[in-house]
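Peer 1: Please see the structure below; I have some questions.
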6 protein chains.
Amino acid sequence: MFHHVKELQFDARVSGPDPRFARLLLEQFGGGNGELKAAMQYFVQAFGCRRSYPDKYDMLMDIATEEFSHLEIVGATITMLLEGVNGELKNAVERSSLGKVMDGASGRDALVHEALTNPQFLVLSGGGPTVTDSVGTPWTGAFVNANGDLTVDLRSNLGAESRAKIVYEYLMQFTDDPLVRESLGFLMTREIAHFQMFTAALEDIRPNFPPGIFQGDPRYTHTYFNLSKPENARGPWNEGQGPWPSGENWAYIDDPITHVDETNGLRDEKVLGTADTVSTVKKKEEMLSKMRSAEIKSASPKVGPMSWSTYGFGGELFSGEAEQTVRSSRKKKIPQD
Amino acid sequence: MFHHVKELQFDARVSGPDPRFARLLLEQFGGGNGELKAAMQYFVQAFGCRRSYPDKYDMLMDIATEEFSHLEIVGATITMLLEGVNGELKNAVERSSLGKVMDGASGRDALVHEALTNPQFLVLSGGGPTVTDSVGTPWTGAFVNANGDLTVDLRSNLGAESRAKIVYEYLMQFTDDPLVRESLGFLMTREIAHFQMFTAALEDIRPNFPPGIFQGDPRYTHTYFNLSKPENARGPWNEGQGPWPSGENWAYIDDPITHVDETNGLRDEKVLGTADTVSTVKKKEEMLSKMRSAEIKSASPKVGPMSWSTYGFGGELFSGEAEQTVRSSRKKKIPQD
Amino acid sequence: MFHHVKELQFDARVSGPDPRFARLLLEQFGGGNGELKAAMQYFVQAFGCRRSYPDKYDMLMDIATEEFSHLEIVGATITMLLEGVNGELKNAVERSSLGKVMDGASGRDALVHEALTNPQFLVLSGGGPTVTDSVGTPWTGAFVNANGDLTVDLRSNLGAESRAKIVYEYLMQFTDDPLVRESLGFLMTREIAHFQMFTAALEDIRPNFPPGIFQGDPRYTHTYFNLSKPENARGPWNEGQGPWPSGENWAYIDDPITHVDETNGLRDEKVLGTADTVSTVKKKEEMLSKMRSAEIKSASPKVGPMSWSTYGFGGELFSGEAEQTVRSSRKKKIPQD
Amino acid sequence: MFHHVKELQFDARVSGPDPRFARLLLEQFGGGNGELKAAMQYFVQAFGCRRSYPDKYDMLMDIATEEFSHLEIVGATITMLLEGVNGELKNAVERSSLGKVMDGASGRDALVHEALTNPQFLVLSGGGPTVTDSVGTPWTGAFVNANGDLTVDLRSNLGAESRAKIVYEYLMQFTDDPLVRESLGFLMTREIAHFQMFTAALEDIRPNFPPGIFQGDPRYTHTYFNLSKPENARGPWNEGQGPWPSGENWAYIDDPITHVDETNGLRDEKVLGTADTVSTVKKKEEMLSKMRSAEIKSASPKVGPMSWSTYGFGGELFSGEAEQTVRSSRKKKIPQD
Amino acid sequence: MFHHVKELQFDARVSGPDPRFARLLLEQFGGGNGELKAAMQYFVQAFGCRRSYPDKYDMLMDIATEEFSHLEIVGATITMLLEGVNGELKNAVERSSLGKVMDGASGRDALVHEALTNPQFLVLSGGGPTVTDSVGTPWTGAFVNANGDLTVDLRSNLGAESRAKIVYEYLMQFTDDPLVRESLGFLMTREIAHFQMFTAALEDIRPNFPPGIFQGDPRYTHTYFNLSKPENARGPWNEGQGPWPSGENWAYIDDPITHVDETNGLRDEKVLGTADTVSTVKKKEEMLSKMRSAEIKSASPKVGPMSWSTYGFGGELFSGEAEQTVRSSRKKKIPQD
Amino acid sequence: MFHHVKELQFDARVSGPDPRFARLLLEQFGGGNGELKAAMQYFVQAFGCRRSYPDKYDMLMDIATEEFSHLEIVGATITMLLEGVNGELKNAVERSSLGKVMDGASGRDALVHEALTNPQFLVLSGGGPTVTDSVGTPWTGAFVNANGDLTVDLRSNLGAESRAKIVYEYLMQFTDDPLVRESLGFLMTREIAHFQMFTAALEDIRPNFPPGIFQGDPRYTHTYFNLSKPENARGPWNEGQGPWPSGENWAYIDDPITHVDETNGLRDEKVLGTADTVSTVKKKEEMLSKMRSAEIKSASPKVGPMSWSTYGFGGELFSGEAEQTVRSSRKKKIPQD
């Protein structure tokens, strides 16, 4: 259950209207890396781990709630940057004149002129934010990544936070308004903080690589196909040990076409670069499969009706007295690799 | 700023898993008339009236926050209806078999079979809700209607609540689970309650018809074009007074093609059905234009930096002591028509 | 079956090309509140009531057909505002120069420059309208609301007409061309007229509130949750009688979190604000369920093949002689509440 | 200006409800090759040639209007195939039971069961068509191809009609209902007829190849790059004269990588396969550029206001007396290649 | 299996940055008629004819691969036109100033200013192409037409190539840069070449009209409905023989409403314009149905596992020695009509 | 420039048709985590680092090309799983019967029945893949994340590979076909391999955290807001050092509402948890800003025309003789943090 306090999490302010920057800022309101995407992504991911990972559930809901609060900050800033547009629109009888605007009039006409870079501020939203990105493409549920596996979801979040961070960084270059920059700086910084939270949460789950249960066929995990020619860059991603455990290394296939032909479409491929075999890998998978499945099932009601909540936590909610603390104990429960 | 309480606004429960109904219920999670749409619509509308209509702002934020809480109820219910799917997916080594499932196996296979009606529960979300409607089309920002004018926005909301209500009504026919029906009944009922809140808020703004400022050209407000032949239904929407003020009535154009030809494309149309003239209408528009524009501008800072919030409301937030009450006084401020 | 007359319903004219306004006007061609949306919405709604509500069917088809005719007016206006673009594009060998255009050349270059605000006029449509809104997002079927229940559909239409009206009102502020303003004035006015038609049609169906059949659980219809703090605006939407029948009134939940906790997630809620009980409501629902279902079923063929049309209305279609008039008699057929 | 006759262009009938085929048929209602796409495509293309090609404008509007009439036939058929759904939904109190349905009940339950293949018939549209394709993806303006050049647009239409035809052909395999097959047969046949109309119209414009004005650089028009190995199919598309004028033929580049390297990225390519040179081609382009541009500009008002229609055609519209016949004379006006 | 050579198929160059033209050029990167669409369309069509039409499969894969190579050319050009944007973004501390930019600063500020026409170059992609069209709408799979029938698919391709050609033609008018024009000229020309390849391939399949198997009901193939009045253009698309075989001709229905009424919704229509009858047509259909079905089935494995590839073509791939040539022999195999 | 070898990178095979699994597999063809998304994401990212990071460019193009090759494997598998559908569709005269199918017929009818779970296989694609996900939603360019900064892009790729991996893992549970499982196993394993390549490449760039240039405001980087109550999980993501450098730790804000109020919307926040100050951070940013910007600019042509490729690499491409090796030397060039 959500509730709301009228005050913003951060004291968002603007020095004056700037419809053009309002348009750019839409990228973080309804864009693919914006606050709504972040809020919905963590919110949706949280459902799946409510019971089996209550500590991660709490973290996801804390951050989701913060992202909704950031969405509000962004929306409020856009609205303030468009200050005046709505008042002028209501002044309907004394209409504006595009023709005059073009010849460089000042004040209100200039405001309208700038707003024209996003015509929907003028003819659709009446001076408020639209649920779109900076070019007017509507937000879509396709932005949200939630796959029911925390070793995947947390990595999706690391990518998402990285993108949100860089978009704020880019945006900061396009406004001179020190007050707006203050808010952008806060929002950008929180993406860094969230990145670290997700990093820590991912580390708290062991083993976490590869994501999911299956380990990968050792014949194909360590090979690199050189498919773009003629330059062949070599580096830790295709040469030497790379990020593999000690004793393992990359196998570089210099001429993939011939190689594929000679291995009958890789079916005759040998294990390269690792001491793992199909059967050692199989064992790991069986163990992990059992463990993770048990972990989730044990958190589920054995039979009969399910409910989501229990009530009776009392009225002390915000004094902290009745709060319960769940401590992360995952590291103890799951054997490390 | 949002915060969150782990308990749901309504005690959502299910009697057991039902992946097929989970799919239907997605219509209210990420569908065009669902809870996310409602929440985002009221939230976005609220930005524009934060200063000029603080009482309506409060109402929109109260209802938006409730809709986010409903979104959580719907998501929680879908997750419970999919109970078991994720656990089975994690049991990756003992995989399921579509072939066997088809021959009518029971228990877990049957579960998986039902879930197949929405394959994304199985291969994408891992047993959680997707941000889509019941056929898998992603939620889009295009669902949100917010036009910066409360006489429009509140009417958009009456339509939206009506659609949300009927979708819950339809959904209730497709589950036997009394616990799920309880939750649906609650959610459906709240749409009725919100409908009445929006109705009252719209009545509180006067004049509110036509929406916006302009009154319409009296030559074209009262005419009905009979464009679909040969049956010609007559009723209060094209005959007699209809919803017009006393003394006004519909003008029925039985043969629009000839009529359009004879009036030179309606440019020579006479005023029909009303005593209003172009000039009486003009006066109303001027008055209203001045009034509404002034109302909005007077709520705006005259010059210089703007901020959204003021702080220092103290720690008594939830005991109610420090709360401020804003009373609707709109009826007094604006002359009635 | 549609047919078409080459002449427009309104004599749309323009004083000269204006590619920039053409772009804004796209909002009403392929935008979410535009003419295509309106036409398709009423057209799709009409299918469902062809038999059971022939009078409403006739009205929906009359208005849908008018909206297709308005779509044509908007498209024709956009095309005239882009006059010259296509001719220049065909003049392919003497190509235009963006570089020169930027330095402020006149005439044709200026035309091209202005058109650049929507590059698709230049490089995609060749000077015609695109089936998009003003920022280029394609029209989507998701805009259309049709839910198979007239008490819902007509309310959706009231919202849709309100939005279409305000968008025309906004648009009128951004052109000086008196001829274009004439057309916009006509189109805007017709939205007002349609609004009134739908209002009257909705009133003609009784009871029409709440939309659909189910009445809502009386424990939850009259409560208002104060979820956004600390300001608490009070008004007819959460205080006093509001839009409820005499004797009923709002119940205001000042502290929803505690309230939800104490009522076990609202399951122990009492009926507040109304004398209705779960059982009186149930009775209404049963009566209405029977009535509406019977109404629809009685209009359907009992058994066997169905056809949509009957032929043999003769050649007198447009002289009006053979036309049939269906009069609204719904008020008589359905007992009022 | 459109008008509407209640009777369908073709006497669409069904033998009984079939929700499953209704779902398939949506492909032609709101799908990418369906009737709405066709109607909108020709309607939008028509705007651009209203003045300069009045004969093609007439054809496009005739066919667009027929496609809208076909859209109505498809929608009516879907509605009849869903007969009963809406009546059952209104019978809200006696709700259906998915559980029972699954055990194989008959009659109404079976109907609901079948409808489940598209849940939106049940929980969204209440038994009417949705503006989507058969999997529920909403229709999008991106389906419409209109590029302001008839030599392009007519070819787009030949493709569109071919796709519409094959979809009807496929659909006919999935229904046993002879009445439905009758309607599908009619609709499919009309796509063939339209195909021929567009073929003839394209032939009526000369020259029409290549589409547009520019002729193509003769160094690159006749070469075929063999980019997919090792099989190398040879045929009239890469060997011999192909569809080129007599005396011209394909040039086959067997080893494109070496060829590109040796020609410095094709910049040193020689003219192959044709006697055309860069300068003969240039001349053709200049002539055509002048001709087409003049053709369009001469149809445009020289200066001042523009209007779309002229009125005063009198009341004889449908007796044919006042109709004007425009004959195709394009072949005479434009020199053949 | 794809591989890649770092060098472009055509030596794409630019004279200097031009963010505004970069935006226009996006139309051919991620737009509806752009290179990604073309590449994916031919690639997807190819799957279905891998076995039954190996020669057409080869052609489709050759052209698809070339289109991917063109996509790379377009992307490389956009990147070069945005040269400098990324470097400035990285220069994050010395940020740009929109305010100053507006006052007409030069150099880097001017660059940023121009880029503002597409804000996503600045705040999202950091100076690279986005997978969108010129107005920022994302590429969609809905652009791809592939219907499993070459007589349809090849016609879709003729339309697609025509549109791609005209968009390049339009684009060429909006840049002065001779190097960019060189690349556009090459790309445009290749669309012409592909058009001819598809033309030849379609001719190689006989019969190919109507597309698919069914011939159309002779009662409806030759009639033209005059649905848009009062002008009635006559030409080879509705008068005389048109594109029909000798001895056949169009039947013109001047007054379709009366005609439909009198023929009971066209059910009593007579065969007009052709000597074909329902039964002669039926025979053709049976023959063709048998032929085409056999053709496809004979190319399929009778029973058991299927594989896509055979290996062992040896290392001589690019010297041409081991290549196999498949010659088109369709004309011989299928009896002509 | 791409080229293509007809043989697949992996020898994809199927034991027999399975239209239902074909539908599920679409998730990896045109879905949000599928092969087309991966291919396009790396391809688009590569443009931006062609000059400044030639080694990373090579890696991105190698992997992009492999993903296109995987897209082909997935498409080929879907096509084989639909074997028979197209042949039956061509057998148009002997049409299938849904009615009969429902009663449990065998063989071909059963095939068609299963295909019905995705009707577009039957009525749209004619038995080939569609560019959609498993529920028929078209692929969208919005799936592609490319932000012009490798420290961001590579993290986006780690998320993308994780999701692709888990979707293959889930898919493997829904087929019994050992040949299909072989292919899925190969494809899933390659996502693991790519994950490691991107990990290594990211490590090769130093510093790489936070992504981009700006370091974040130290007042907000280390605080955790406890926004979801009453349970408060504690763990390394909000307690102790977490993933911060030694000496730094999380600051936990237990009561964010009061805290925000008391700090005036966090403007009066103190630096918590780190010894960094606003000015030490500023210095880092300046240094990094200079470094990264210089790095990119030094890779760009100083002035004048740009070209993408150089030619003349000779014909030895695939024997490896003329290949150039670029070694990663980034670690040496950029000082470590």
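Here, A, B, ... name the chains of the structure tokens in the order displayed, residue numbers run from 1 inside each chain, and ligands are numbered from 1 in the same displayed order.
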Could you name the residues that touch Ser228 (chain D) at 7 Å or less, counting only C-alpha atoms, but leaving out those on the same chain fewer than 2 positions away, as JSON, numbers by chain?
Peer 2: {"D": [226, 230], "E": [58, 61, 62], "F": [3, 4, 5, 6]}
Peer 1: With all heavy atoms retained, could you export that selection as a PDB file, in the first residue's frame?
Peer 2:
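again-v7.pdb, freshly written:
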ATOM      1  N   ASN D 226      26.985 -11.393 -55.265  1.00  0.00           N
ATOM      2  CA  ASN D 226      26.815 -12.765 -54.763  1.00  0.00           C
ATOM      3  C   ASN D 226      27.317 -12.846 -53.324  1.00  0.00           C
ATOM      4  O   ASN D 226      28.456 -13.201 -53.058  1.00  0.00           O
ATOM      5  CB  ASN D 226      27.615 -13.707 -55.668  1.00  0.00           C
ATOM      6  CG  ASN D 226      27.586 -15.132 -55.157  1.00  0.00           C
ATOM      7  OD1 ASN D 226      26.618 -15.550 -54.527  1.00  0.00           O
ATOM      8  ND2 ASN D 226      28.667 -15.863 -55.404  1.00  0.00           N
ATOM      9  N   PRO D 230      27.856 -21.094 -50.033  1.00  0.00           N
ATOM     10  CA  PRO D 230      28.513 -21.371 -51.311  1.00  0.00           C
ATOM     11  C   PRO D 230      27.552 -21.615 -52.478  1.00  0.00           C
ATOM     12  O   PRO D 230      27.993 -21.462 -53.610  1.00  0.00           O
ATOM     13  CB  PRO D 230      29.306 -22.648 -51.019  1.00  0.00           C
ATOM     14  CG  PRO D 230      28.558 -23.323 -49.928  1.00  0.00           C
ATOM     15  CD  PRO D 230      27.839 -22.264 -49.151  1.00  0.00           C
TER      16      PRO D 230
ATOM     17  N   ASP E  58      18.391 -18.322 -52.416  1.00  0.00           N
ATOM     18  CA  ASP E  58      19.715 -17.734 -52.613  1.00  0.00           C
ATOM     19  C   ASP E  58      19.618 -16.244 -52.932  1.00  0.00           C
ATOM     20  O   ASP E  58      20.351 -15.421 -52.377  1.00  0.00           O
ATOM     21  CB  ASP E  58      20.435 -18.466 -53.754  1.00  0.00           C
ATOM     22  CG  ASP E  58      21.825 -17.896 -53.992  1.00  0.00           C
ATOM     23  OD1 ASP E  58      22.664 -18.011 -53.083  1.00  0.00           O
ATOM     24  OD2 ASP E  58      22.050 -17.315 -55.065  1.00  0.00           O
ATOM     25  N   MET E  61      18.652 -14.256 -49.816  1.00  0.00           N
ATOM     26  CA  MET E  61      19.751 -14.116 -48.860  1.00  0.00           C
ATOM     27  C   MET E  61      20.844 -13.194 -49.405  1.00  0.00           C
ATOM     28  O   MET E  61      21.453 -12.442 -48.639  1.00  0.00           O
ATOM     29  CB  MET E  61      20.330 -15.492 -48.501  1.00  0.00           C
ATOM     30  CG  MET E  61      19.472 -16.293 -47.546  1.00  0.00           C
ATOM     31  SD  MET E  61      18.976 -15.439 -46.001  1.00  0.00           S
ATOM     32  CE  MET E  61      20.575 -15.040 -45.308  1.00  0.00           C
ATOM     33  N   ASP E  62      21.084 -13.241 -50.705  1.00  0.00           N
ATOM     34  CA  ASP E  62      22.047 -12.293 -51.290  1.00  0.00           C
ATOM     35  C   ASP E  62      21.604 -10.850 -51.041  1.00  0.00           C
ATOM     36  O   ASP E  62      22.402 -10.003 -50.638  1.00  0.00           O
ATOM     37  CB  ASP E  62      22.169 -12.513 -52.811  1.00  0.00           C
ATOM     38  CG  ASP E  62      23.108 -13.660 -53.173  1.00  0.00           C
ATOM     39  OD1 ASP E  62      23.978 -14.006 -52.352  1.00  0.00           O
ATOM     40  OD2 ASP E  62      22.966 -14.209 -54.290  1.00  0.00           O
TER      41      ASP E  62
ATOM     42  N   HIS F   3      28.724 -10.672 -45.213  1.00  0.00           N
ATOM     43  CA  HIS F   3      28.439 -11.721 -46.184  1.00  0.00           C
ATOM     44  C   HIS F   3      27.883 -12.916 -45.437  1.00  0.00           C
ATOM     45  O   HIS F   3      27.746 -12.877 -44.209  1.00  0.00           O
ATOM     46  CB  HIS F   3      29.630 -12.088 -47.072  1.00  0.00           C
ATOM     47  CG  HIS F   3      30.949 -12.047 -46.406  1.00  0.00           C
ATOM     48  ND1 HIS F   3      31.916 -12.966 -46.647  1.00  0.00           N
ATOM     49  CD2 HIS F   3      31.468 -11.197 -45.504  1.00  0.00           C
ATOM     50  CE1 HIS F   3      32.972 -12.661 -45.928  1.00  0.00           C
ATOM     51  NE2 HIS F   3      32.737 -11.591 -45.238  1.00  0.00           N
ATOM     52  N   HIS F   4      27.569 -13.943 -46.125  1.00  0.00           N
ATOM     53  CA  HIS F   4      26.734 -14.991 -45.554  1.00  0.00           C
ATOM     54  C   HIS F   4      27.149 -16.344 -46.103  1.00  0.00           C
ATOM     55  O   HIS F   4      27.459 -16.476 -47.291  1.00  0.00           O
ATOM     56  CB  HIS F   4      25.268 -14.713 -45.938  1.00  0.00           C
ATOM     57  CG  HIS F   4      24.298 -15.715 -45.377  1.00  0.00           C
ATOM     58  ND1 HIS F   4      23.716 -16.677 -46.164  1.00  0.00           N
ATOM     59  CD2 HIS F   4      23.835 -15.901 -44.131  1.00  0.00           C
ATOM     60  CE1 HIS F   4      22.906 -17.417 -45.406  1.00  0.00           C
ATOM     61  NE2 HIS F   4      22.962 -16.974 -44.176  1.00  0.00           N
ATOM     62  N   VAL F   5      27.197 -17.312 -45.227  1.00  0.00           N
ATOM     63  CA  VAL F   5      27.424 -18.691 -45.638  1.00  0.00           C
ATOM     64  C   VAL F   5      26.145 -19.462 -45.358  1.00  0.00           C
ATOM     65  O   VAL F   5      25.568 -19.324 -44.283  1.00  0.00           O
ATOM     66  CB  VAL F   5      28.611 -19.301 -44.863  1.00  0.00           C
ATOM     67  CG1 VAL F   5      28.741 -20.779 -45.161  1.00  0.00           C
ATOM     68  CG2 VAL F   5      29.890 -18.577 -45.236  1.00  0.00           C
ATOM     69  N   LYS F   6      25.707 -20.237 -46.287  1.00  0.00           N
ATOM     70  CA  LYS F   6      24.410 -20.896 -46.146  1.00  0.00           C
ATOM     71  C   LYS F   6      24.338 -21.815 -44.934  1.00  0.00           C
ATOM     72  O   LYS F   6      23.279 -22.025 -44.377  1.00  0.00           O
ATOM     73  CB  LYS F   6      24.101 -21.716 -47.415  1.00  0.00           C
ATOM     74  CG  LYS F   6      23.944 -20.889 -48.682  1.00  0.00           C
ATOM     75  CD  LYS F   6      22.561 -20.348 -48.853  1.00  0.00           C
ATOM     76  CE  LYS F   6      22.334 -19.684 -50.201  1.00  0.00           C
ATOM     77  NZ  LYS F   6      23.431 -18.904 -50.759  1.00  0.00           N
TER      78      LYS F   6
END
Peer 1: Pull out every residue of chain C sitting within 6 Å of chain D, counting only C-alpha atoms, and send them as a ChimeraX atom specification.
Peer 2: /C:1-5,7-9,13-16,48,65,69,87,90-92,124-126,128,131,138-142,146-148,289,293,296-297,305-307,309
Peer 1: What parts of region 50-296 of chain A does DSSP call strand (DSSP E)? I'd like the answer as a PyMOL selection string.
Peer 2: chain A and resi 223-225+228-229+251-253
Peer 1: Looking only at alpha helix (DSSP H) from DSSP on the backbone, list the matching residues of region 12-220 of chain C as a count of residues only.
Peer 2: 121
Peer 1: Enter the distance from CA of Glu169 (chain F) to CA of Thr151 (chain A), in Å, rounded to one decimal.
Peer 2: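 The value is 13.2 Å.
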Peer 1: Would you pick out the contacts of Tyr220 (chain E) at 12 Å or less, using only C-alpha atoms, so that residues sharing its chain but fewer than 2 positions from it are not included, and give the list as JSON, numbers by chain?
Peer 2: {"D": [10, 182, 183, 185, 186, 187, 188, 189, 190, 191, 192, 193, 194], "E": [215, 216, 217, 218, 222, 223, 224, 225, 250, 251, 252, 253, 266, 267, 268, 269, 270, 271, 272, 273, 274, 276, 277, 278]}
Peer 1: With only C-alpha atoms as the counted atoms, please give the residues lying no more than 8 Å from Arg181 (chain B), apart from itself and same-chain residues fewer than 5 positions off, as a VMD selection string.
Peer 2: chain B and resid 172 175 to 176
Peer 1: Neighbouring residues of Phe21 (chain B) were defined as those with any atom within 8 Å, considering only C-alpha atoms; residues of the same chain fewer than 2 positions away were excluded. Please report them as a PyMOL selection string.
Peer 2: chain B and resi 18-19+23-25+81+174-175
Peer 1: What does the structure give for the distance between CA of Trp237 (chain A) and CA of Val74 (chain F), in Å to one decimal?
Peer 2: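 Those two atoms sit 25.5 Å apart.
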Peer 1: Using only C-alpha atoms, which protein or nucleic acid residues come within 8 Å of Arg155 (chain D)? Drop anything in the same chain fewer than 5 positions from it, and give the result as a VMD selection string.
Peer 2: (chain D and resid 198 202) or (chain E and resid 158 to 159 162)
Peer 1: How many Å separate CA of Gly242 (chain E) from CA of Leu60 (chain D)?
Peer 2: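 So the two atoms, CA of Gly242 (chain E) and CA of Leu60 (chain D), lie 16.4 Å apart.
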